[in-house]
Amino acid sequence: MCIFASEMKNIAVLISGGVDSAVVVHQLCEQGYKPDLHYIKIGMEGEDSSCSAEEDIELSQATARKYGLKLEVTDLQKEYWEQVVGYAIERVKQGLTPNPDVMCNRLIKFGAFEQRIGKDYDLIATGHYAQRIEEGGLVWLGTAKDPVKDQTDFLAQLSYEQLAHTIFPIGHLMKEEVRDIAIRAGLPSARRKDSQGICFLGKINYNDFLRRFLGEKEGRVIDIETGKVVGTHRGYWFHTIGQRKGLGLGGGPWFVVKKNIKKNIIFVANGWDTQLQYGHDFRLADLHFITAPFPVPPEGGSEISFKIRHVDHFMQGTITQDEEGYRIHSDDPIQGIAPGQFGCIYDKDHRICYGSGEIAYSQKGHLQGQIS
């Protein structure tokens with residue numbers, strides 16, 4: 001897929017050491033471009049961390065050598081810790097469910113990097129699974145061909161300026177196609193497994209990350225239907241609304257349905273069929289639109305599709321607007337509506353991502369998602 005056939009562009013590629021960004025480099029070089037490669041160094045370095053950027057940088061360097069390109073390592077650890085980690089810890093302390101990946105994209109990959117280096121390039125290319133759609137003289141964030149790998153929910157807090165300056169060269173490909181291209185091209189990272197974990201935290205366990213900053217404090221786990229204490233936990237900050245795994249309770253399944261952060265209590269509901277883990281409505285605080293607001297008529301609302309977490313499917317619903325902001329309703333039950341998480345809004349055919357906002361609360365009468 002040629003990017004701009006009419007003229008050559010000065011392009012920077014954000015390379016991670018993984019297969020996706022390496023294929024971006026390959027695709028651009030195949031089209032005649034000679035992009036500069038940039039590795040953003042951010043992570044939990046130190047003796048107590050299992051995360052290291054060494055392998056990532058080595059693979060990035062190998063890719064650069066293969067195509068005769070320049071690689072620059074940009075250290076943005078200070079900005080990351082101040083902005084992303086600071087945001088995550090503060091939200092967790094409030095009993096909310098943050099999404100560091102969303103804020104890392106907005107503030108670091110497309111923020112601090114853009115301000116320091118990216119502004120000197122015509123375009124920034126990344127290995128995100130998303131598409132750039134140009135319609136009506138504007139740039140829109142389009143969903144990826146591969147619904148399982150689609151990452152538009154992680155990009156939905158970008159500004160219009162950030163999106164307009166970015167291209168996603170592999171967004172029109174399935175993951176299998178990307179892997180096949182890498183193998184056929186003999187890329188150094190062709191058979192490397194996809195990375196897991198939060199943004200640049202790498203291999204570190206999320207609970208270990210929280211424990212490092214917030215410690216532990218024993219509290220009660222209470223069955224919300226009977227009022228009985230069914231177990232203990234080590235801090236409300238380790239748990240999120242809708243969580244099933246990691247509770248250590250017998251006779252399950254158990255789902256977290258409410259938290260009392262003042263008393264450090266986790267409320268749970270039992271059984272696969274418990275309706276206490278579901279809701280049909282939630283509000284979005286400070287809904288951010290990337291290119292233009294989603295059109296919402298004053299009466300009746302508009303049909304949309306949406307996500308409330310990073311999953312491989314879209315839910316159908318309606319969006320309405322009142323004096324308090326935007327409200328999302330779905331006739332289908334929504335599992336685990338967690339305040340603080342980002343709700344991402346798409347057109348009803350989930351072709352274009354309009355933007356996202358933090359989930360403020362659920363309007364379900366059984367208190368799911370409320371924090372006392």
# chains A, B, ... in the order shown; residues from 1 in each chain; ligands from 1
call {"tool": "residues_around", "arguments": {"residues": "Ser159 in chain A", "least_positions_apart": "3", "cutoff": "9 Å", "atoms": "only C-alpha atoms", "output": "JSON, numbers by chain"}}
result
{"A": [106, 156, 162, 163, 164, 288, 289, 290, 291]}
call {"tool": "residues_around", "arguments": {"residues": "range 323-338 of chain A", "least_positions_apart": "4", "cutoff": "10 Å", "atoms": "only C-alpha atoms", "output": "count of residues only"}}
result
56
call {"tool": "select_by_dssp", "arguments": {"residues": "range 179-363 of chain A", "states": "helix (DSSP H, G or I)", "output": "VMD selection string"}}
result
chain A and resid 179 to 185 199 to 201 206 to 214 236 to 238 275 to 277
call {"tool": "residues_around", "arguments": {"residues": "range 216-222 of chain A", "least_positions_apart": "4", "cutoff": "6 Å", "atoms": "only C-alpha atoms", "output": "mmCIF file with C-alpha atoms, in the first residue's frame"}}
result
data_model
loop_
_atom_site.group_PDB
_atom_site.id
_atom_site.type_symbol
_atom_site.label_atom_id
_atom_site.label_comp_id
_atom_site.auth_asym_id
_atom_site.auth_seq_id
_atom_site.Cartn_x
_atom_site.Cartn_y
_atom_site.Cartn_z
ATOM 1 C CA GLY A 227 -23.258 -9.341 53.507
ATOM 2 C CA LYS A 228 -20.969 -12.162 54.647
ATOM 3 C CA VAL A 229 -17.184 -11.895 54.680
ATOM 4 C CA VAL A 230 -15.931 -14.510 52.198
ATOM 5 C CA GLY A 231 -12.241 -13.682 52.197
ATOM 6 C CA THR A 232 -9.529 -11.054 52.494
ATOM 7 C CA HIS A 233 -7.492 -9.040 50.025
ATOM 8 C CA ARG A 234 -4.241 -7.068 50.164
ATOM 9 C CA GLY A 235 -5.500 -3.687 49.008
ATOM 10 C CA ASN A 264 -10.725 -0.884 51.969
ATOM 11 C CA ILE A 265 -13.572 -3.326 51.216
ATOM 12 C CA ILE A 266 -14.074 -5.320 48.016
ATOM 13 C CA PHE A 267 -17.648 -6.441 47.264
#
call {"tool": "residues_around", "arguments": {"residues": "Arg211 in chain A", "least_positions_apart": "2", "cutoff": "12 Å", "atoms": "only C-alpha atoms", "output": "NGL selection string"}}
result
:A and (89 or 92-93 or 204-209 or 213-217 or 234-238)
call {"tool": "residues_around", "arguments": {"residues": "Gln115 in chain A", "least_positions_apart": "6", "cutoff": "12 Å", "atoms": "only C-alpha atoms", "output": "count of residues only"}}
result
9
call {"tool": "select_by_dssp", "arguments": {"residues": "range 219-311 of chain A", "states": "strand (DSSP E)", "output": "PyMOL selection string"}}
result
chain A and resi 219-223+229-233+254-260+265-270+278-289+302-307
call {"tool": "closest_residue", "arguments": {"among": "A:Ala185, A:Leu59, A:Val73, A:Val148", "to": "Leu173 in chain A", "atoms": "only C-alpha atoms"}}
result
A:Val148
call {"tool": "residues_around", "arguments": {"residues": "Pro253 in chain A", "least_positions_apart": "3", "cutoff": "9 Å", "atoms": "only C-alpha atoms", "output": "ChimeraX atom specification"}}
result
/A:244-245,249-250,269-272
call {"tool": "residues_around", "arguments": {"residues": "range 10-22 of chain A", "least_positions_apart": "3", "cutoff": "8 Å", "atoms": "only C-alpha atoms", "output": "PyMOL selection string"}}
result
chain A and resi 25-26+33-40+55-60+63+118+121-128+170+178-179+182+187+189-195
call {"tool": "write_last_selection", "arguments": {"atoms": "C-alpha atoms", "output": "compact mmCIF listing (two decimals), in the first residue's frame"}}
result
# COMPACT_ATOMS: atom_id res chain seq x y z
CA VAL A 25 10.27 -0.43 8.15
CA HIS A 26 10.32 -3.15 5.50
CA TYR A 33 11.51 5.46 1.39
CA LYS A 34 14.56 5.73 3.63
CA PRO A 35 13.02 6.42 7.04
CA ASP A 36 14.92 7.27 10.19
CA LEU A 37 14.29 4.80 13.00
CA HIS A 38 13.65 5.90 16.57
CA TYR A 39 13.51 3.69 19.63
CA ILE A 40 11.84 5.32 22.63
CA GLU A 55 17.04 -6.94 23.51
CA ASP A 56 14.60 -4.44 21.98
CA ILE A 57 17.44 -2.11 21.01
CA GLU A 58 19.57 -4.96 19.64
CA LEU A 59 16.75 -6.14 17.37
CA SER A 60 16.02 -2.56 16.31
CA THR A 63 16.70 -4.07 11.46
CA GLY A 118 8.87 14.20 15.55
CA TYR A 121 9.59 14.98 10.07
CA ASP A 122 6.76 15.09 7.56
CA LEU A 123 5.20 11.95 9.02
CA ILE A 124 5.58 9.52 11.92
CA ALA A 125 4.99 5.83 11.15
CA THR A 126 4.10 3.28 13.83
CA GLY A 127 3.25 -0.41 14.00
CA HIS A 128 -0.17 0.13 15.52
CA ILE A 170 0.29 -2.31 8.55
CA VAL A 178 2.43 -9.27 8.96
CA ARG A 179 4.19 -12.30 10.41
CA ALA A 182 8.54 -10.65 8.29
CA LEU A 187 13.56 -9.71 9.55
CA SER A 189 12.31 -10.09 14.90
CA ALA A 190 10.23 -12.23 12.52
CA ARG A 191 9.57 -15.00 15.04
CA ARG A 192 9.61 -12.90 18.20
CA LYS A 193 6.50 -13.28 20.33
CA ASP A 194 4.19 -10.31 20.77
CA SER A 195 4.93 -8.28 23.87
call {"tool": "atom_distance", "arguments": {"atom1": "CA of Leu141 in chain A", "atom2": "CA of His310 in chain A"}}
result
16.3 Å
call {"tool": "atom_distance", "arguments": {"atom1": "CA of Lys149 in chain A", "atom2": "CA of Arg351 in chain A"}}
result
14.4 Å
call {"tool": "closest_residue", "arguments": {"among": "A:Lys119, A:Arg132, A:His165, A:Lys9", "to": "Cys353 in chain A", "atoms": "only C-alpha atoms"}}
result
A:Arg132
call {"tool": "atom_distance", "arguments": {"atom1": "CA of Glu135 in chain A", "atom2": "CA of Ala292 in chain A"}}
result
12.1 Å
call {"tool": "closest_residue", "arguments": {"among": "A:Asp153, A:Asp273, A:Pro147, A:Pro295", "to": "His313 in chain A", "atoms": "only C-alpha atoms"}}
result
A:Pro147
call {"tool": "decode", "arguments": {"residues": "range 65-110 of chain A", "atoms": "N, CA and C atoms", "output": "mmCIF file, in the first residue's frame"}}
result
data_model
loop_
_atom_site.group_PDB
_atom_site.id
_atom_site.type_symbol
_atom_site.label_atom_id
_atom_site.label_comp_id
_atom_site.auth_asym_id
_atom_site.auth_seq_id
_atom_site.Cartn_x
_atom_site.Cartn_y
_atom_site.Cartn_z
ATOM 1 N N ARG A 65 20.421 -2.008 10.435
ATOM 2 C CA ARG A 65 21.571 -2.444 9.616
ATOM 3 C C ARG A 65 21.118 -3.150 8.345
ATOM 4 N N LYS A 66 20.078 -3.949 8.444
ATOM 5 C CA LYS A 66 19.591 -4.699 7.281
ATOM 6 C C LYS A 66 19.208 -3.762 6.137
ATOM 7 N N TYR A 67 18.675 -2.606 6.481
ATOM 8 C CA TYR A 67 18.200 -1.687 5.440
ATOM 9 C C TYR A 67 19.083 -0.447 5.306
ATOM 10 N N GLY A 68 20.198 -0.418 6.027
ATOM 11 C CA GLY A 68 21.109 0.707 5.922
ATOM 12 C C GLY A 68 20.515 2.001 6.429
ATOM 13 N N LEU A 69 19.771 1.917 7.535
ATOM 14 C CA LEU A 69 19.072 3.082 8.074
ATOM 15 C C LEU A 69 19.704 3.556 9.376
ATOM 16 N N LYS A 70 19.391 4.769 9.730
ATOM 17 C CA LYS A 70 19.878 5.355 10.976
ATOM 18 C C LYS A 70 18.906 5.053 12.118
ATOM 19 N N LEU A 71 19.451 4.629 13.255
ATOM 20 C CA LEU A 71 18.636 4.379 14.448
ATOM 21 C C LEU A 71 19.070 5.317 15.559
ATOM 22 N N GLU A 72 18.109 5.954 16.169
ATOM 23 C CA GLU A 72 18.381 6.837 17.306
ATOM 24 C C GLU A 72 17.569 6.365 18.498
ATOM 25 N N VAL A 73 18.218 6.257 19.651
ATOM 26 C CA VAL A 73 17.542 5.884 20.890
ATOM 27 C C VAL A 73 17.216 7.160 21.658
ATOM 28 N N THR A 74 15.948 7.360 21.922
ATOM 29 C CA THR A 74 15.496 8.570 22.614
ATOM 30 C C THR A 74 15.025 8.210 24.016
ATOM 31 N N ASP A 75 15.658 8.775 25.015
ATOM 32 C CA ASP A 75 15.327 8.482 26.412
ATOM 33 C C ASP A 75 14.232 9.437 26.889
ATOM 34 N N LEU A 76 13.045 8.874 27.109
ATOM 35 C CA LEU A 76 11.918 9.666 27.617
ATOM 36 C C LEU A 76 11.428 9.115 28.958
ATOM 37 N N GLN A 77 12.345 8.518 29.716
ATOM 38 C CA GLN A 77 11.951 7.934 30.995
ATOM 39 C C GLN A 77 11.417 8.975 31.966
ATOM 40 N N LYS A 78 12.047 10.115 32.027
ATOM 41 C CA LYS A 78 11.610 11.159 32.961
ATOM 42 C C LYS A 78 10.176 11.582 32.655
ATOM 43 N N GLU A 79 9.903 11.824 31.364
ATOM 44 C CA GLU A 79 8.548 12.237 30.975
ATOM 45 C C GLU A 79 7.536 11.127 31.262
ATOM 46 N N TYR A 80 7.954 9.882 31.012
ATOM 47 C CA TYR A 80 7.056 8.752 31.235
ATOM 48 C C TYR A 80 6.691 8.620 32.707
ATOM 49 N N TRP A 81 7.687 8.693 33.564
ATOM 50 C CA TRP A 81 7.418 8.529 34.991
ATOM 51 C C TRP A 81 6.605 9.683 35.548
ATOM 52 N N GLU A 82 6.889 10.864 35.091
ATOM 53 C CA GLU A 82 6.151 12.018 35.606
ATOM 54 C C GLU A 82 4.705 12.034 35.117
ATOM 55 N N GLN A 83 4.510 11.690 33.850
ATOM 56 C CA GLN A 83 3.186 11.857 33.263
ATOM 57 C C GLN A 83 2.336 10.584 33.282
ATOM 58 N N VAL A 84 2.879 9.467 32.819
ATOM 59 C CA VAL A 84 2.080 8.249 32.704
ATOM 60 C C VAL A 84 1.982 7.495 34.022
ATOM 61 N N VAL A 85 3.126 7.248 34.650
ATOM 62 C CA VAL A 85 3.091 6.535 35.921
ATOM 63 C C VAL A 85 2.378 7.375 36.974
ATOM 64 N N GLY A 86 2.631 8.663 36.966
ATOM 65 C CA GLY A 86 1.947 9.549 37.907
ATOM 66 C C GLY A 86 0.438 9.492 37.741
ATOM 67 N N TYR A 87 -0.014 9.518 36.486
ATOM 68 C CA TYR A 87 -1.453 9.404 36.197
ATOM 69 C C TYR A 87 -2.011 8.081 36.704
ATOM 70 N N ALA A 88 -1.312 6.979 36.407
ATOM 71 C CA ALA A 88 -1.818 5.647 36.762
ATOM 72 C C ALA A 88 -1.937 5.480 38.270
ATOM 73 N N ILE A 89 -0.913 5.850 39.008
ATOM 74 C CA ILE A 89 -0.933 5.682 40.458
ATOM 75 C C ILE A 89 -2.019 6.542 41.096
ATOM 76 N N GLU A 90 -2.171 7.751 40.626
ATOM 77 C CA GLU A 90 -3.189 8.643 41.195
ATOM 78 C C GLU A 90 -4.593 8.094 40.957
ATOM 79 N N ARG A 91 -4.845 7.558 39.754
ATOM 80 C CA ARG A 91 -6.161 6.991 39.466
ATOM 81 C C ARG A 91 -6.424 5.754 40.332
ATOM 82 N N VAL A 92 -5.427 4.900 40.464
ATOM 83 C CA VAL A 92 -5.602 3.686 41.261
ATOM 84 C C VAL A 92 -5.885 4.034 42.717
ATOM 85 N N LYS A 93 -5.209 5.032 43.259
ATOM 86 C CA LYS A 93 -5.444 5.462 44.638
ATOM 87 C C LYS A 93 -6.876 5.936 44.831
ATOM 88 N N GLN A 94 -7.477 6.470 43.772
ATOM 89 C CA GLN A 94 -8.860 6.926 43.834
ATOM 90 C C GLN A 94 -9.857 5.785 43.659
ATOM 91 N N GLY A 95 -9.344 4.555 43.489
ATOM 92 C CA GLY A 95 -10.215 3.407 43.299
ATOM 93 C C GLY A 95 -10.643 3.204 41.865
ATOM 94 N N LEU A 96 -10.042 3.943 40.940
ATOM 95 C CA LEU A 96 -10.412 3.874 39.537
ATOM 96 C C LEU A 96 -9.536 2.856 38.799
ATOM 97 N N THR A 97 -9.913 2.580 37.546
ATOM 98 C CA THR A 97 -9.161 1.652 36.706
ATOM 99 C C THR A 97 -8.514 2.432 35.566
ATOM 100 N N PRO A 98 -7.233 2.774 35.697
ATOM 101 C CA PRO A 98 -6.577 3.588 34.663
ATOM 102 C C PRO A 98 -6.191 2.752 33.451
ATOM 103 N N ASN A 99 -5.829 3.428 32.373
ATOM 104 C CA ASN A 99 -5.309 2.751 31.193
ATOM 105 C C ASN A 99 -4.013 3.447 30.783
ATOM 106 N N PRO A 100 -2.880 3.001 31.336
ATOM 107 C CA PRO A 100 -1.597 3.648 31.019
ATOM 108 C C PRO A 100 -1.249 3.613 29.540
ATOM 109 N N ASP A 101 -1.696 2.558 28.808
ATOM 110 C CA ASP A 101 -1.383 2.480 27.381
ATOM 111 C C ASP A 101 -1.959 3.661 26.611
ATOM 112 N N VAL A 102 -3.180 4.040 26.952
ATOM 113 C CA VAL A 102 -3.834 5.172 26.283
ATOM 114 C C VAL A 102 -3.052 6.452 26.523
ATOM 115 N N MET A 103 -2.693 6.682 27.775
ATOM 116 C CA MET A 103 -2.003 7.915 28.110
ATOM 117 C C MET A 103 -0.553 7.913 27.621
ATOM 118 N N CYS A 104 0.051 6.723 27.547
ATOM 119 C CA CYS A 104 1.411 6.634 27.010
ATOM 120 C C CYS A 104 1.435 7.059 25.544
ATOM 121 N N ASN A 105 0.438 6.621 24.787
ATOM 122 C CA ASN A 105 0.363 7.042 23.389
ATOM 123 C C ASN A 105 0.161 8.545 23.275
ATOM 124 N N ARG A 106 -0.776 9.059 24.037
ATOM 125 C CA ARG A 106 -1.113 10.482 23.939
ATOM 126 C C ARG A 106 0.032 11.384 24.410
ATOM 127 N N LEU A 107 0.661 11.018 25.534
ATOM 128 C CA LEU A 107 1.629 11.910 26.165
ATOM 129 C C LEU A 107 3.074 11.640 25.790
ATOM 130 N N ILE A 108 3.391 10.391 25.424
ATOM 131 C CA ILE A 108 4.791 10.037 25.175
ATOM 132 C C ILE A 108 5.064 9.766 23.702
ATOM 133 N N LYS A 109 4.511 8.670 23.160
ATOM 134 C CA LYS A 109 4.796 8.318 21.772
ATOM 135 C C LYS A 109 4.414 9.427 20.806
ATOM 136 N N PHE A 110 3.252 10.035 21.038
ATOM 137 C CA PHE A 110 2.780 11.079 20.131
ATOM 138 C C PHE A 110 2.826 12.457 20.785
#
